[in-house]
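The block underneath contains the structure these notes are about, expressed in structure tokens.
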Amino acid sequence: MLRPLCLLLLSVLIPAAARAHDLALQTEVRPPFVLVRAAYGDSEPVPFAPIEVYRPGSGAVLHQKGVTDRDGCFAFLARQPGRWKVVIDDGTGHRA
């Protein structure tokens, strides 16, 4: 009886823990700049994480790269309108 209870608790707790460390990106347009904020579970900043920016319609051609600051923020100059692609990877298996 104890074993099914342990399995039930693990099946509930593990996904909750994984969600707590999901990597989320928030963007804010401040023309001509775009501010990107990276956080785990929408609250804990992702400091000094590598980030890549791709301009609209460029496919896999890199426009800019850098790292987030200590607060998980990064800004870039959006020189053309359109849908920009931003990729962040914290190096521990979290990528957005």
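If you're wondering about the labels, chains in the structure tokens are A, B, ... by order shown, residues count from 1 in each chain, ligands from 1 in order shown.
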- Message: Among region 24-87 of chain A, which residues does DSSP mark as strand (DSSP E or B) when it is run on the backbone? Keep the chain and numbering as in the structure and answer as number ranges by chain.
- Response: A: 24-30, 33-40, 44-45, 50-54, 62-67, 73-77, 85-87
Selection above as a file: C-alpha atoms, as a PDB file, in the first residue's frame:
```
ATOM      1  CA  ALA A  24      10.025  31.519 -20.017  1.00  0.00           C
ATOM      2  CA  LEU A  25      10.721  34.566 -22.170  1.00  0.00           C
ATOM      3  CA  GLN A  26       8.807  37.809 -21.946  1.00  0.00           C
ATOM      4  CA  THR A  27       9.283  40.521 -24.546  1.00  0.00           C
ATOM      5  CA  GLU A  28       8.505  44.187 -24.377  1.00  0.00           C
ATOM      6  CA  VAL A  29       8.729  46.412 -27.442  1.00  0.00           C
ATOM      7  CA  ARG A  30      10.254  49.812 -26.712  1.00  0.00           C
ATOM      8  CA  PHE A  33      14.440  48.344 -29.059  1.00  0.00           C
ATOM      9  CA  VAL A  34      13.054  45.020 -27.868  1.00  0.00           C
ATOM     10  CA  LEU A  35      13.614  44.046 -24.244  1.00  0.00           C
ATOM     11  CA  VAL A  36      13.699  40.320 -23.466  1.00  0.00           C
ATOM     12  CA  ARG A  37      13.365  38.972 -19.919  1.00  0.00           C
ATOM     13  CA  ALA A  38      14.227  35.342 -19.188  1.00  0.00           C
ATOM     14  CA  ALA A  39      12.951  33.684 -16.026  1.00  0.00           C
ATOM     15  CA  TYR A  40      12.408  30.266 -14.509  1.00  0.00           C
ATOM     16  CA  GLU A  44      13.451  33.628 -10.956  1.00  0.00           C
ATOM     17  CA  PRO A  45      15.759  35.504 -13.386  1.00  0.00           C
ATOM     18  CA  PRO A  50      23.651  32.902 -23.844  1.00  0.00           C
ATOM     19  CA  ILE A  51      21.050  34.427 -26.143  1.00  0.00           C
ATOM     20  CA  GLU A  52      20.758  34.562 -29.943  1.00  0.00           C
ATOM     21  CA  VAL A  53      18.585  36.858 -32.070  1.00  0.00           C
ATOM     22  CA  TYR A  54      17.490  36.141 -35.654  1.00  0.00           C
ATOM     23  CA  LEU A  62      22.296  35.074 -36.810  1.00  0.00           C
ATOM     24  CA  HIS A  63      21.625  38.802 -36.316  1.00  0.00           C
ATOM     25  CA  GLN A  64      23.106  39.226 -32.841  1.00  0.00           C
ATOM     26  CA  LYS A  65      24.238  37.202 -29.862  1.00  0.00           C
ATOM     27  CA  GLY A  66      25.124  37.978 -26.280  1.00  0.00           C
ATOM     28  CA  VAL A  67      24.219  37.088 -22.703  1.00  0.00           C
ATOM     29  CA  CYS A  73      17.393  40.836 -19.327  1.00  0.00           C
ATOM     30  CA  PHE A  74      18.714  41.466 -22.822  1.00  0.00           C
ATOM     31  CA  ALA A  75      17.864  44.248 -25.286  1.00  0.00           C
ATOM     32  CA  PHE A  76      18.411  44.459 -29.019  1.00  0.00           C
ATOM     33  CA  LEU A  77      17.783  46.994 -31.755  1.00  0.00           C
ATOM     34  CA  LYS A  85      13.327  34.905 -33.271  1.00  0.00           C
ATOM     35  CA  VAL A  86      15.046  34.890 -29.878  1.00  0.00           C
ATOM     36  CA  VAL A  87      16.697  31.735 -28.501  1.00  0.00           C
TER      37      VAL A  87
END
```
Name the residues in contact with Pro47 (chain A) at a cut-off of 7 Å, using only C-alpha atoms, excluding same-chain residues fewer than 6 positions from it; report them as a compact mmCIF listing (two decimals) with C-alpha atoms, in the first residue's frame.
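result_24.txt, written as the output of this step:
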```txt
# COMPACT_ATOMS: atom_id res chain seq x y z
CA THR A 68 21.46 38.17 -20.36
CA ASP A 69 22.40 40.51 -17.54
CA ARG A 70 22.21 39.55 -13.84
CA ASP A 71 18.45 40.19 -13.91
CA GLY A 72 17.89 37.91 -16.91
```
- Query: Taking into account only C-alpha atoms, which residue in the set A:Ala96, A:Val61, A:Ile88, A:Ala78 is nearest to Pro32 (chain A)?
  - Reply: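 Closest to Pro32 (chain A), using only C-alpha atoms: A:Ala78.
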- Message: Report, in Å with one decimal, the straight-line distance from CA of Ala49 (chain A) to CA of Asp89 (chain A).
- Response: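 A separation of 6.5 Å between them.
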- CA of Phe48 (chain A) to CA of Pro81 (chain A) measures 27.3 Å
